[in-house]
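Contents: one structure, followed by commentary.
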Amino acid sequence: MTDLETPVAPARPGPWPRRVAPALLGYAAVRALGLTALALWSAARDKSAHQLLTARWDSLWYTRVAELGYGYEVRLPNGDVHSNLAFFPLLPWLERTVSAVTPLSYADAGLLISTLASLAAAWGIFAVADHVYAEKKARSAALEGRWWET
């Protein structure tokens, strides 16, 4: 069989919600475990887990872009200049939009958006793996002469 004769993978059996649910639940469980560890760690050090997620590092920069727009710079003592021009505009735009239509702050909107985006990414990773597995199974069946599985 040549590459030109490679069969196309058939659709996977069963409804997609049933196939993707274990992957998303597994991802959500790992995410919940990480958030639990963060909450315990921050409580032991008298810090706010919410602030660690919404007002530190890049989340702070994105929130500032959503609130104030671009053009903010920080000059460090060693002369380095950090600018918010390094941050792409989609997340601040989404933060501003979600904040405008909900009672959420920009920071909380960013947290919600990043959570939903991570679930979408987990779903996408599952979809790619599901497709590759189906294609591999179809090729294997075709090479072994099991035409009824292709």
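By convention here, the chains of the structure tokens are called A, B, ... in the order presented, each chain's residues are numbered starting at 1, and ligands are numbered starting at 1 in the order presented.
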* To do: Excluding Ala127 of chain A and any residue of its chain fewer than 3 positions from it, enumerate the residues within 10 Å of it, using only C-alpha atoms, and give them as JSON, numbers by chain.
  => {"A": [16, 19, 20, 23, 121, 122, 123, 124, 130, 131, 132, 133]}
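We find atom CA of Ser105 of chain A and atom CA of Trp61 of chain A to be spaced 14.5 Å apart.
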* Could you check which of A:Pro15, A:Gly69, A:Ile125, A:Leu111 is closest to Leu53 of chain A, using only C-alpha atoms? => A:Leu111
* Asked: Which of segment 57-136 of chain A counts as alpha helix (DSSP H) under DSSP, as a VMD selection string please?
  -> chain A and resid 57 to 68 90 to 101 106 to 136
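Going from atom CA of Leu85 of chain A to atom CA of Gly110 of chain A covers 18.0 Å.
Of the residues in chain A, those given strand (DSSP E or B) by DSSP on the backbone are Glu73, Val74, Arg75, Val81, His82 and Ser83 of chain A.
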File of the preceding selection, all heavy atoms, as an mmCIF file, in the first residue's frame:
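Produced file again.cif, reproduced below:
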data_model
loop_
_atom_site.group_PDB
_atom_site.id
_atom_site.type_symbol
_atom_site.label_atom_id
_atom_site.label_comp_id
_atom_site.auth_asym_id
_atom_site.auth_seq_id
_atom_site.Cartn_x
_atom_site.Cartn_y
_atom_site.Cartn_z
ATOM 1 N N GLU A 73 5.089 51.831 30.986
ATOM 2 C CA GLU A 73 6.463 51.337 31.086
ATOM 3 C C GLU A 73 6.908 51.327 32.540
ATOM 4 O O GLU A 73 6.456 52.145 33.346
ATOM 5 C CB GLU A 73 7.432 52.230 30.309
ATOM 6 C CG GLU A 73 7.282 52.178 28.829
ATOM 7 C CD GLU A 73 8.323 53.054 28.133
ATOM 8 O OE1 GLU A 73 9.001 53.867 28.804
ATOM 9 O OE2 GLU A 73 8.438 52.920 26.921
ATOM 10 N N VAL A 74 7.816 50.413 32.830
ATOM 11 C CA VAL A 74 8.456 50.353 34.148
ATOM 12 C C VAL A 74 9.954 50.432 33.910
ATOM 13 O O VAL A 74 10.508 49.649 33.137
ATOM 14 C CB VAL A 74 8.101 49.035 34.885
ATOM 15 C CG1 VAL A 74 8.892 48.915 36.163
ATOM 16 C CG2 VAL A 74 6.614 48.955 35.159
ATOM 17 N N ARG A 75 10.597 51.381 34.565
ATOM 18 C CA ARG A 75 12.056 51.499 34.470
ATOM 19 C C ARG A 75 12.659 50.891 35.731
ATOM 20 O O ARG A 75 12.357 51.310 36.845
ATOM 21 C CB ARG A 75 12.477 52.955 34.335
ATOM 22 C CG ARG A 75 11.997 53.567 33.053
ATOM 23 C CD ARG A 75 12.689 54.886 32.764
ATOM 24 N NE ARG A 75 12.164 55.470 31.557
ATOM 25 C CZ ARG A 75 12.602 55.161 30.334
ATOM 26 N NH1 ARG A 75 13.554 54.289 30.179
ATOM 27 N NH2 ARG A 75 12.067 55.747 29.280
ATOM 28 N N VAL A 81 14.031 48.679 30.687
ATOM 29 C CA VAL A 81 12.681 49.203 30.539
ATOM 30 C C VAL A 81 11.762 48.058 30.148
ATOM 31 O O VAL A 81 12.031 47.342 29.186
ATOM 32 C CB VAL A 81 12.623 50.311 29.454
ATOM 33 C CG1 VAL A 81 11.192 50.789 29.257
ATOM 34 C CG2 VAL A 81 13.532 51.461 29.820
ATOM 35 N N HIS A 82 10.708 47.871 30.920
ATOM 36 C CA HIS A 82 9.689 46.869 30.602
ATOM 37 C C HIS A 82 8.442 47.608 30.159
ATOM 38 O O HIS A 82 7.971 48.525 30.839
ATOM 39 C CB HIS A 82 9.386 45.989 31.815
ATOM 40 C CG HIS A 82 10.522 45.106 32.196
ATOM 41 N ND1 HIS A 82 10.368 44.039 33.037
ATOM 42 C CD2 HIS A 82 11.828 45.100 31.854
ATOM 43 C CE1 HIS A 82 11.520 43.429 33.196
ATOM 44 N NE2 HIS A 82 12.421 44.071 32.496
ATOM 45 N N SER A 83 7.904 47.207 29.014
ATOM 46 C CA SER A 83 6.754 47.886 28.429
ATOM 47 C C SER A 83 5.602 46.905 28.241
ATOM 48 O O SER A 83 5.819 45.735 27.944
ATOM 49 C CB SER A 83 7.152 48.480 27.074
ATOM 50 O OG SER A 83 6.013 48.907 26.374
#
